[in-house]
Structure formats: structure tokens, C-alpha cells
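Below is the file upload27.cif, which contains mmCIF, C-alpha atoms.
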```
data_upload
loop_
_atom_site.label_atom_id
_atom_site.label_comp_id
_atom_site.auth_asym_id
_atom_site.auth_seq_id
_atom_site.Cartn_x
_atom_site.Cartn_y
_atom_site.Cartn_z
CA MET Q 1 0.00 0.00 0.00
CA LYS Q 2 3.03 2.28 0.14
CA ASN Q 3 2.56 3.09 -3.53
CA PHE Q 4 -0.21 5.55 -2.81
CA PHE Q 5 1.60 7.48 -0.06
CA PRO Q 6 2.85 10.30 -2.35
CA LEU Q 7 -0.74 10.87 -3.45
CA LEU Q 8 -1.77 12.05 -0.01
CA ILE Q 9 -1.91 15.82 0.20
CA THR Q 10 -3.79 15.93 3.45
CA CYS Q 11 -6.34 18.48 4.57
CA PHE Q 12 -7.18 17.94 8.20
CA THR Q 13 -7.83 19.36 11.64
CA LEU Q 14 -6.89 17.89 15.00
CA THR Q 15 -9.91 16.73 16.96
CA VAL Q 16 -9.99 16.78 20.72
CA PHE Q 17 -10.93 13.18 21.35
CA ALA Q 18 -9.07 10.15 20.11
CA GLN Q 19 -10.87 8.02 17.59
CA GLU Q 20 -9.88 4.44 16.82
CA ILE Q 21 -10.17 2.99 13.34
CA LYS Q 22 -13.25 0.77 13.25
CA VAL Q 23 -15.00 -1.07 10.44
CA LYS Q 24 -18.76 -1.54 10.69
CA ASP Q 25 -21.72 -2.76 8.61
CA VAL Q 26 -23.98 -0.08 7.16
CA LYS Q 27 -26.62 0.48 4.54
CA TYR Q 28 -25.51 3.15 2.09
CA LYS Q 29 -27.28 4.79 -0.82
CA PHE Q 30 -24.90 4.70 -3.78
CA ASN Q 31 -25.68 6.31 -7.13
CA ASN Q 32 -27.40 3.15 -8.36
CA GLY Q 33 -29.28 2.40 -5.16
CA GLU Q 34 -28.99 1.37 -1.51
CA LYS Q 35 -26.57 -1.44 -0.70
CA PHE Q 36 -25.12 -3.25 2.28
CA ALA Q 37 -21.57 -2.00 2.76
CA LEU Q 38 -18.59 -1.71 5.07
CA GLU Q 39 -17.77 1.68 6.52
CA VAL Q 40 -14.50 2.78 8.11
CA ASN Q 41 -13.50 6.10 9.64
CA ILE Q 42 -10.33 7.82 8.42
CA HIS Q 43 -8.38 10.68 9.97
CA SER Q 44 -8.40 12.85 6.88
CA ASP Q 45 -11.14 15.06 5.52
CA ASP Q 46 -9.72 15.23 2.00
CA ILE Q 47 -12.25 13.19 0.03
CA LYS Q 48 -10.25 13.26 -3.20
CA ASP Q 49 -7.08 11.92 -1.60
CA VAL Q 50 -8.91 9.17 0.27
CA MET Q 51 -10.57 8.11 -2.97
CA LYS Q 52 -7.23 8.23 -4.79
CA ALA Q 53 -5.68 6.00 -2.14
CA PHE Q 54 -8.51 3.46 -2.47
CA LYS Q 55 -8.30 3.58 -6.25
CA LYS Q 56 -4.51 3.18 -6.26
CA GLU Q 57 -4.70 0.13 -4.02
CA ALA Q 58 -7.53 -1.38 -6.04
CA GLU Q 59 -5.61 -0.91 -9.29
CA GLN Q 60 -3.00 -3.40 -8.15
CA ASP Q 61 -5.46 -6.26 -8.70
CA ALA Q 62 -8.42 -4.75 -10.50
CA GLY Q 63 -9.10 -4.35 -14.17
CA VAL Q 64 -11.27 -1.45 -15.28
CA ILE Q 65 -12.26 1.10 -12.64
CA VAL Q 66 -15.11 3.47 -13.42
CA GLU Q 67 -15.28 6.77 -11.55
CA LYS Q 68 -18.57 8.62 -11.79
CA LYS Q 69 -20.29 11.25 -9.67
CA GLY Q 70 -17.75 10.95 -6.88
CA GLU Q 71 -17.96 7.15 -6.65
CA LEU Q 72 -15.79 4.26 -7.82
CA PHE Q 73 -17.10 1.10 -9.44
CA LEU Q 74 -15.01 -2.01 -10.07
CA ASP Q 75 -16.99 -4.17 -12.46
CA ASN Q 76 -16.69 -7.96 -12.34
CA THR Q 77 -12.99 -7.81 -11.55
CA ILE Q 78 -10.39 -9.74 -9.59
CA PHE Q 79 -9.64 -8.02 -6.30
CA LYS Q 80 -7.11 -10.37 -4.73
CA ALA Q 81 -7.04 -8.52 -1.43
CA ILE Q 82 -10.69 -9.58 -0.99
CA SER Q 83 -11.26 -12.76 -3.01
CA GLU Q 84 -10.00 -14.90 -5.90
CA ASP Q 85 -13.52 -14.76 -7.38
CA LYS Q 86 -14.63 -11.95 -9.64
CA ILE Q 87 -16.16 -9.21 -7.59
CA ASP Q 88 -18.05 -5.93 -7.96
CA VAL Q 89 -16.96 -3.12 -5.69
CA TYR Q 90 -18.74 0.17 -5.07
CA ALA Q 91 -16.86 2.83 -3.10
CA ALA Q 92 -17.66 6.33 -1.84
CA VAL Q 93 -16.22 8.81 0.66
CA GLU Q 94 -18.13 11.16 2.94
CA LYS Q 95 -16.52 14.10 4.68
CA GLY Q 96 -17.02 14.37 8.42
CA LYS Q 97 -17.30 17.46 10.61
CA ASP Q 98 -14.29 16.78 12.81
CA GLY Q 99 -11.44 16.56 10.31
CA THR Q 100 -12.25 12.95 9.44
CA SER Q 101 -14.05 11.15 6.66
CA LYS Q 102 -15.80 7.83 6.07
CA LEU Q 103 -14.86 5.36 3.38
CA ILE Q 104 -17.83 3.20 2.39
CA ALA Q 105 -17.43 0.16 0.15
CA SER Q 106 -19.85 -2.53 -0.96
CA PHE Q 107 -18.50 -5.90 -2.16
CA GLU Q 108 -20.61 -8.26 -4.29
CA VAL Q 109 -19.90 -11.67 -5.81
CA ASN Q 110 -22.35 -12.80 -8.51
CA ASN Q 111 -24.63 -9.89 -7.54
CA GLU Q 112 -24.75 -11.15 -3.94
CA TYR Q 113 -23.26 -9.35 -0.95
CA ILE Q 114 -20.38 -11.28 0.60
CA ILE Q 115 -21.49 -13.19 3.69
CA PRO Q 116 -20.35 -11.68 7.02
CA LYS Q 117 -18.73 -14.86 8.31
CA SER Q 118 -17.01 -15.74 5.03
CA ALA Q 119 -13.28 -15.42 4.33
CA ALA Q 120 -13.99 -12.76 1.69
CA TYR Q 121 -15.91 -10.68 4.20
CA LYS Q 122 -13.10 -10.94 6.77
CA ASN Q 123 -10.58 -10.01 4.07
CA ALA Q 124 -12.69 -7.01 3.14
CA GLU Q 125 -12.79 -5.90 6.77
CA LYS Q 126 -9.01 -6.26 7.06
CA PHE Q 127 -8.50 -4.41 3.79
CA MET Q 128 -10.70 -1.50 4.86
CA GLU Q 129 -9.10 -1.27 8.29
CA LYS Q 130 -5.55 -1.49 6.95
CA LEU Q 131 -6.17 1.11 4.26
CA ALA Q 132 -7.79 3.46 6.77
CA LYS Q 133 -4.88 3.05 9.16
CA GLU Q 134 -2.29 3.60 6.45
CA ILE Q 135 -3.95 6.87 5.40
CA SER Q 136 -4.66 8.01 8.97
CA ILE Q 137 -1.13 7.35 10.21
CA ILE Q 138 0.32 9.54 7.46
CA VAL Q 139 -2.11 12.33 8.33
CA LEU Q 140 -1.63 12.08 12.09
CA GLU Q 141 2.15 11.87 11.86
CA LYS Q 142 2.16 15.05 9.80
CA GLU Q 143 -0.20 16.68 12.30
CA LEU Q 144 1.98 15.61 15.23
CA GLU Q 145 5.08 16.91 13.47
CA LYS Q 146 3.36 20.25 12.87
CA GLU Q 147 2.17 20.57 16.48
CA GLU Q 148 5.57 19.56 17.89
CA LYS Q 149 7.22 22.16 15.67
CA GLU Q 150 4.82 24.79 16.96
CA LEU Q 151 5.65 23.77 20.54
CA GLU Q 152 9.37 24.12 19.83
CA ASN Q 153 8.76 27.56 18.31
CA ILE Q 154 7.00 28.66 21.50
CA LYS Q 155 9.87 27.31 23.63
CA ASP Q 156 12.39 29.15 21.46
CA LYS Q 157 10.44 32.38 21.90
CA ILE Q 158 10.44 31.90 25.68
CA ASN Q 159 14.19 31.30 25.70
CA ASN Q 160 14.76 34.36 23.51
CA LYS Q 161 12.67 36.46 25.89
CA ARG Q 162 14.66 35.19 28.87
CA ASP Q 163 17.90 36.00 27.07
CA LYS Q 164 16.54 39.48 26.41
CA ILE Q 165 15.82 39.98 30.12
CA LYS Q 166 19.33 38.86 30.99
CA ASP Q 167 20.82 41.29 28.47
CA LEU Q 168 18.69 44.12 29.87
CA GLU Q 169 19.67 43.25 33.45
CA ASP Q 170 23.34 43.15 32.47
CA ASP Q 171 22.98 46.53 30.79
CA ILE Q 172 21.31 47.96 33.91
CA LYS Q 173 24.14 46.68 36.08
CA LYS Q 174 26.70 48.17 33.70
CA LYS Q 175 24.95 51.55 33.72
CA GLU Q 176 24.64 51.48 37.52
CA ASN Q 177 28.41 50.92 37.76
CA ASN Q 178 28.98 53.76 35.30
CA ILE Q 179 26.76 56.04 37.38
CA GLU Q 180 28.66 55.09 40.51
CA ASP Q 181 32.00 55.85 38.83
CA ASP Q 182 30.71 59.12 37.39
CA GLN Q 183 29.36 60.21 40.76
CA LYS Q 184 32.76 59.61 42.37
CA GLU Q 185 34.45 61.61 39.63
CA LEU Q 186 31.78 64.29 40.01
CA LYS Q 187 32.66 64.68 43.70
CA GLU Q 188 36.34 65.04 42.81
CA ILE Q 189 35.54 67.69 40.18
CA ALA Q 190 33.29 69.51 42.63
CA ALA Q 191 36.16 69.59 45.14
CA ASP Q 192 38.58 70.87 42.48
CA LEU Q 193 36.08 73.54 41.45
CA LYS Q 194 35.73 74.63 45.05
CA ASP Q 195 39.50 75.07 45.32
CA VAL Q 196 39.69 76.99 42.02
CA VAL Q 197 36.88 79.33 43.02
CA LYS Q 198 38.55 79.84 46.39
CA ASP Q 199 41.83 80.74 44.69
CA ILE Q 200 40.04 83.15 42.35
CA ASN Q 201 38.27 84.83 45.24
CA ASN Q 202 41.51 85.06 47.22
CA GLY Q 203 43.50 86.34 44.23
CA LYS Q 204 45.95 83.43 44.30
CA GLY Q 205 47.58 82.62 40.98
CA LYS Q 206 46.96 84.07 37.55
CA LEU Q 207 43.31 84.92 37.00
CA ASP Q 208 43.18 83.95 33.32
CA LYS Q 209 44.75 80.56 34.06
CA LEU Q 210 42.33 79.96 36.96
CA ALA Q 211 39.39 81.01 34.77
CA LYS Q 212 40.37 78.49 32.08
CA GLU Q 213 40.75 75.77 34.70
CA LYS Q 214 37.31 76.60 36.10
CA GLU Q 215 35.80 76.52 32.60
CA LYS Q 216 37.39 73.12 31.95
CA LEU Q 217 36.08 71.72 35.24
CA ASP Q 218 32.61 73.17 34.63
CA LYS Q 219 32.40 71.38 31.26
CA LYS Q 220 33.48 68.08 32.82
CA HIS Q 221 30.95 68.55 35.59
CA GLU Q 222 28.17 69.28 33.09
CA LYS Q 223 29.12 66.31 30.88
CA LEU Q 224 29.19 63.88 33.80
CA THR Q 225 25.88 65.19 35.12
CA GLU Q 226 24.21 64.73 31.74
CA ARG Q 227 25.68 61.23 31.40
CA ILE Q 228 24.36 60.24 34.82
CA ILE Q 229 20.91 61.58 33.90
CA ASP Q 230 20.95 59.67 30.59
CA ASN Q 231 22.04 56.43 32.24
CA LYS Q 232 19.32 56.72 34.87
CA LYS Q 233 16.76 57.32 32.13
CA GLU Q 234 17.97 54.26 30.19
CA ILE Q 235 17.83 52.16 33.34
CA LYS Q 236 14.18 53.08 33.83
CA GLU Q 237 13.45 52.24 30.19
CA ASN Q 238 15.19 48.88 30.57
CA GLN Q 239 13.19 48.14 33.71
CA LYS Q 240 9.98 48.81 31.80
CA LYS Q 241 11.16 46.53 29.00
CA ILE Q 242 11.93 43.81 31.54
CA GLU Q 243 8.44 44.02 33.04
CA LYS Q 244 6.87 43.86 29.58
CA THR Q 245 9.08 40.92 28.58
CA LYS Q 246 8.16 39.07 31.79
CA LYS Q 247 4.50 39.53 30.89
CA ASP Q 248 5.22 38.21 27.40
CA ILE Q 249 6.87 35.15 28.95
CA GLU Q 250 3.82 34.54 31.14
CA ASP Q 251 1.61 34.62 28.06
CA LEU Q 252 3.97 32.31 26.18
CA GLU Q 253 4.13 29.89 29.12
CA ASP Q 254 0.35 29.69 29.06
CA LYS Q 255 0.46 29.14 25.30
CA LYS Q 256 3.13 26.47 25.77
CA SER Q 257 0.99 24.65 28.33
CA LYS Q 258 -1.95 24.59 25.93
CA GLN Q 259 0.24 23.49 23.03
CA GLU Q 260 1.69 20.66 25.13
CA LYS Q 261 -1.86 19.37 25.60
CA VAL Q 262 -2.42 19.58 21.84
CA VAL Q 263 0.78 17.59 21.23
CA ASN Q 264 -0.22 14.96 23.79
CA GLN Q 265 -3.64 14.66 22.15
CA ALA Q 266 -1.97 14.21 18.76
CA LYS Q 267 0.32 11.52 20.19
CA GLN Q 268 -2.62 9.71 21.80
CA LYS Q 269 -4.60 9.89 18.60
CA LEU Q 270 -1.74 8.38 16.63
CA ALA Q 271 -1.24 5.67 19.26
CA ASP Q 272 -4.93 4.78 19.13
CA VAL Q 273 -4.79 4.38 15.36
CA LYS Q 274 -1.64 2.28 15.41
#
```
Written as C-alpha cells, that's how I'd like the structure from this file.
Amino acid sequence: MKNFFPLLITCFTLTVFAQEIKVKDVKYKFNNGEKFALEVNIHSDDIKDVMKAFKKEAEQDAGVIVEKKGELFLDNTIFKAISEDKIDVYAAVEKGKDGTSKLIASFEVNNEYIIPKSAAYKNAEKFMEKLAKEISIIVLEKELEKEEKELENIKDKINNKRDKIKDLEDDIKKKENNIEDDQKELKEIAADLKDVVKDINNGKGKLDKLAKEKEKLDKKHEKLTERIIDNKKEIKENQKKIEKTKKDIEDLEDKKSKQEKVVNQAKQKLADVK
């Protein structure tokens, strides 16, 4: 049955509750009338791909296959997976509401439905179940892969946010150290300014030289003061960014928790099918 795997371009949604693959007897109204048939649920809601998979498998043993109005008809053909006798097969697919579909097939030998306890009937059941599982496993594995990738993306975002917080905290610490150093230097400059002003007032030294020294110290004092103010402002901005990033992490953690449940549901669904 691996031959039909490339044909599957799945269209599906993940349902909340696990659903095992089960084959059951039904009455189904085909294009040419109501017939007894076997029905099996499949975890794919792409009717065309399910029908292609059935057709591809049937073509291995069947002769002419007629496709009309959304149904397949194998006329008086050998279908070795079911029986060595010539057999008529009617097949249809119905889309479900939960991302699944139903494959319905009627098997007739000499215009008679195959008997439930016969080998042909048991083979038909096995065929339907195996085909449904083969299709469903492909779909559910792709779904699980997609959901696990989404979970990893969320985890990566959380880690990136945590790295961002660390970088912001490191930057705050660096700026706090810079402020501390600048404040020490500011005290030294203030002391030097006090001495220069004292010398100017007392007439000690050359006035023009003292004036230049005072101007130089004033500029340093102003520059350091502005730098301290800027660093304090950036620290506050970083603190705000940290609080916002922490909130983002909380939201992502909640999203991660929900996505973990989705992944576990996908794993359980796949396990139930296998």
C-alpha cells in the first residue's frame, strides 16, 4: 500500500478526542441504489485523496475502474485482497465534521453481498481497516510533526525572551556601575572647582589661568551630570522593557501549556490508530 503514499496531500484538523479505526456494517445509498456495505473512519477530511488511495490500491489487482459522480465502481474484476472470485466493488467517501471522513465500500460476488462470516468478508474488513490506518497514520504523523514544531517555536520564543531579560539586566548593572563611577568623579571635580573658586576669590595665581581651569572643570561637571541623567533614564526604560518581557513570557508559558496538551492529544490519537 506504500505506492499511494505520495498521493496524499492531506487536509485535516486535529480533533480533541481520540478516535480508533473501526469497520462496521452499514446500509448506504450509492448512485445506483442502496446497498449493504462496510464503513471505516479515516483521519483525513480530504475526500479526493482518500478516494485516490482506495483507487490506487484497487488498481493493483483490478481491471477497469469506473469513476462517476464521486464514486468508484469495479466491475466484475479480480480483487485479490478480498477474493480470488470476480467481484463488484462500489466505493464512496463522505466528509465528516471533525477533520475525518468515512470510506464506504460494498462488495458483491455474482450480484450477492459477501457473507459476514465468510473469508472474503473478513478479508474485506481487514483491507478497509488497513487502508484506513495507512492513510490516517500519514495524516496524524504530519499533524503531530506540525504541532511539535509549533511547541518548539514557542519554547524558542520563551528562551529568547529570557535572554533578552538577561541582556537588559546586564545593561542595567553596567549603567549602575557607570553612574557610581561618574558620581565619584563628580565629587572630585566639585572639590577641584571649590579650590579653584577659592583661589580666584583670594586672588591666588593668575586669573586667566584659573578662569580656564574653572571653565574646563565646569564642562566636565556638566558632561558627567548629563551622562548620569541619561544612564538613569535608560535604566528606567530597561526596567519597563523587563516588566513587559516578563508579561510576554507569562503569556507564552500559558500558550506552551496549551500546546503541550495539543501535542499529547496528537500523540494519543496516533497511538490509538496504530
Near range 252-266 of chain Q, within 12 Å and counting all atoms listed in the file, which residues show up once chain neighbours fewer than 6 positions away are dropped, as a VMD selection string?
chain Q and resid 13 to 19 43 136 to 137 139 to 162 245 to 246 272 to 273
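Between CA of Asp88 in chain Q and CA of Lys24 in chain Q the interatomic distance comes to 19.2 Å.
Comparing the minimum interatomic distances between Asp218 in chain Q and each of Q:Val64, Q:Glu234, Q:Ala190, Q:Ile47, counting only C-alpha atoms, we find that Q:Ala190 sits nearest.
One distance worth recording is that between CA of Thr225 in chain Q and CA of Asp170 in chain Q, which is 22.3 Å.
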What residues come out when you apply the PyMOL selection byres ((chain Q and resi 238) around 10) to this file, written as a compact mmCIF listing (two decimals) with C-alpha atoms, keeping the file's coordinate frame?
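result.txt written:
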```txt
# COMPACT_ATOMS: atom_id res chain seq x y z
CA ILE Q 165 15.82 39.98 30.12
CA ASP Q 167 20.82 41.29 28.47
CA LEU Q 168 18.69 44.12 29.87
CA GLU Q 169 19.67 43.25 33.45
CA ASP Q 171 22.98 46.53 30.79
CA ILE Q 172 21.31 47.96 33.91
CA LYS Q 232 19.32 56.72 34.87
CA LYS Q 233 16.76 57.32 32.13
CA GLU Q 234 17.97 54.26 30.19
CA ILE Q 235 17.83 52.16 33.34
CA LYS Q 236 14.18 53.08 33.83
CA GLU Q 237 13.45 52.24 30.19
CA GLN Q 239 13.19 48.14 33.71
CA LYS Q 240 9.98 48.81 31.80
CA LYS Q 241 11.16 46.53 29.00
CA ILE Q 242 11.93 43.81 31.54
CA GLU Q 243 8.44 44.02 33.04
CA LYS Q 244 6.87 43.86 29.58
```
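One distance worth recording is that between CA of Ile65 in chain Q and CA of Ala81 in chain Q, which is 15.7 Å.
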I need the output of the PyMOL selection byres ((chain Q and resi 67-69) around 12) for this file as a ChimeraX atom specification; which residues are they?
/Q:30-32,48,51-52,54-55,64-66,70-75,89-93
May I have the residues at most 12 Å from (-10.5, -11.1, -12.8) in the file's coordinates, counting only C-alpha atoms, as a PDB file with C-alpha atoms, in the coordinates of the input?
```pdb
ATOM      1  CA  GLU Q  59      -5.610  -0.910  -9.290  1.00  0.00           C
ATOM      2  CA  GLN Q  60      -3.000  -3.400  -8.150  1.00  0.00           C
ATOM      3  CA  ASP Q  61      -5.460  -6.260  -8.700  1.00  0.00           C
ATOM      4  CA  ALA Q  62      -8.420  -4.750 -10.500  1.00  0.00           C
ATOM      5  CA  GLY Q  63      -9.100  -4.350 -14.170  1.00  0.00           C
ATOM      6  CA  VAL Q  64     -11.270  -1.450 -15.280  1.00  0.00           C
ATOM      7  CA  LEU Q  74     -15.010  -2.010 -10.070  1.00  0.00           C
ATOM      8  CA  ASP Q  75     -16.990  -4.170 -12.460  1.00  0.00           C
ATOM      9  CA  ASN Q  76     -16.690  -7.960 -12.340  1.00  0.00           C
ATOM     10  CA  THR Q  77     -12.990  -7.810 -11.550  1.00  0.00           C
ATOM     11  CA  ILE Q  78     -10.390  -9.740  -9.590  1.00  0.00           C
ATOM     12  CA  PHE Q  79      -9.640  -8.020  -6.300  1.00  0.00           C
ATOM     13  CA  LYS Q  80      -7.110 -10.370  -4.730  1.00  0.00           C
ATOM     14  CA  ILE Q  82     -10.690  -9.580  -0.990  1.00  0.00           C
ATOM     15  CA  SER Q  83     -11.260 -12.760  -3.010  1.00  0.00           C
ATOM     16  CA  GLU Q  84     -10.000 -14.900  -5.900  1.00  0.00           C
ATOM     17  CA  ASP Q  85     -13.520 -14.760  -7.380  1.00  0.00           C
ATOM     18  CA  LYS Q  86     -14.630 -11.950  -9.640  1.00  0.00           C
ATOM     19  CA  ILE Q  87     -16.160  -9.210  -7.590  1.00  0.00           C
ATOM     20  CA  ASP Q  88     -18.050  -5.930  -7.960  1.00  0.00           C
ATOM     21  CA  VAL Q 109     -19.900 -11.670  -5.810  1.00  0.00           C
TER      22      VAL Q 109
END
```
Decode the PyMOL selection byres ((chain Q and resi 217) around 10) for the given file into explicit residues and return them as a list of chain:residue names.
Q:Leu186, Q:Ile189, Q:Ala190, Q:Asp192, Q:Leu193, Q:Val196, Q:Ala211, Q:Lys212, Q:Glu213, Q:Lys214, Q:Glu215, Q:Lys216, Q:Asp218, Q:Lys219, Q:Lys220, Q:His221, Q:Glu222, Q:Lys223
Could you list, as a list in words, every residue within 12 Å of Ile179 in chain Q, counting all atoms listed in the file and ignoring same-chain residues fewer than 2 positions away?
Ile172, Lys173, Lys174, Lys175, Glu176, Asn177, Asp181, Asp182, Gln183, Lys184, Glu185, Leu186, Leu224, Thr225, Glu226, Arg227, Ile228, Ile229, Asp230, Asn231, Lys232, Lys233, Glu234 and Ile235 of chain Q
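Using all atoms listed in the file, the contacts of Val40 in chain Q at a cut-off of 9 Å, with sequence neighbours closer than 3 positions omitted, comprise Ile21, Lys22, Val23, Lys24, Ser101, Lys102, Leu103, Ile104, Ala105, Glu125, Met128, Glu129 and Ala132 of chain Q.
Across Q:Glu134, Q:Glu57, Q:Asp195, Q:Asp25, the tightest approach to Ile42 in chain Q is made by Q:Glu134 when counting only C-alpha atoms.
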Between Q:Glu39, Q:Asp98, Q:Glu250, Q:Glu34, smallest distance to Leu131 in chain Q by all atoms listed in the file belongs to Q:Glu39
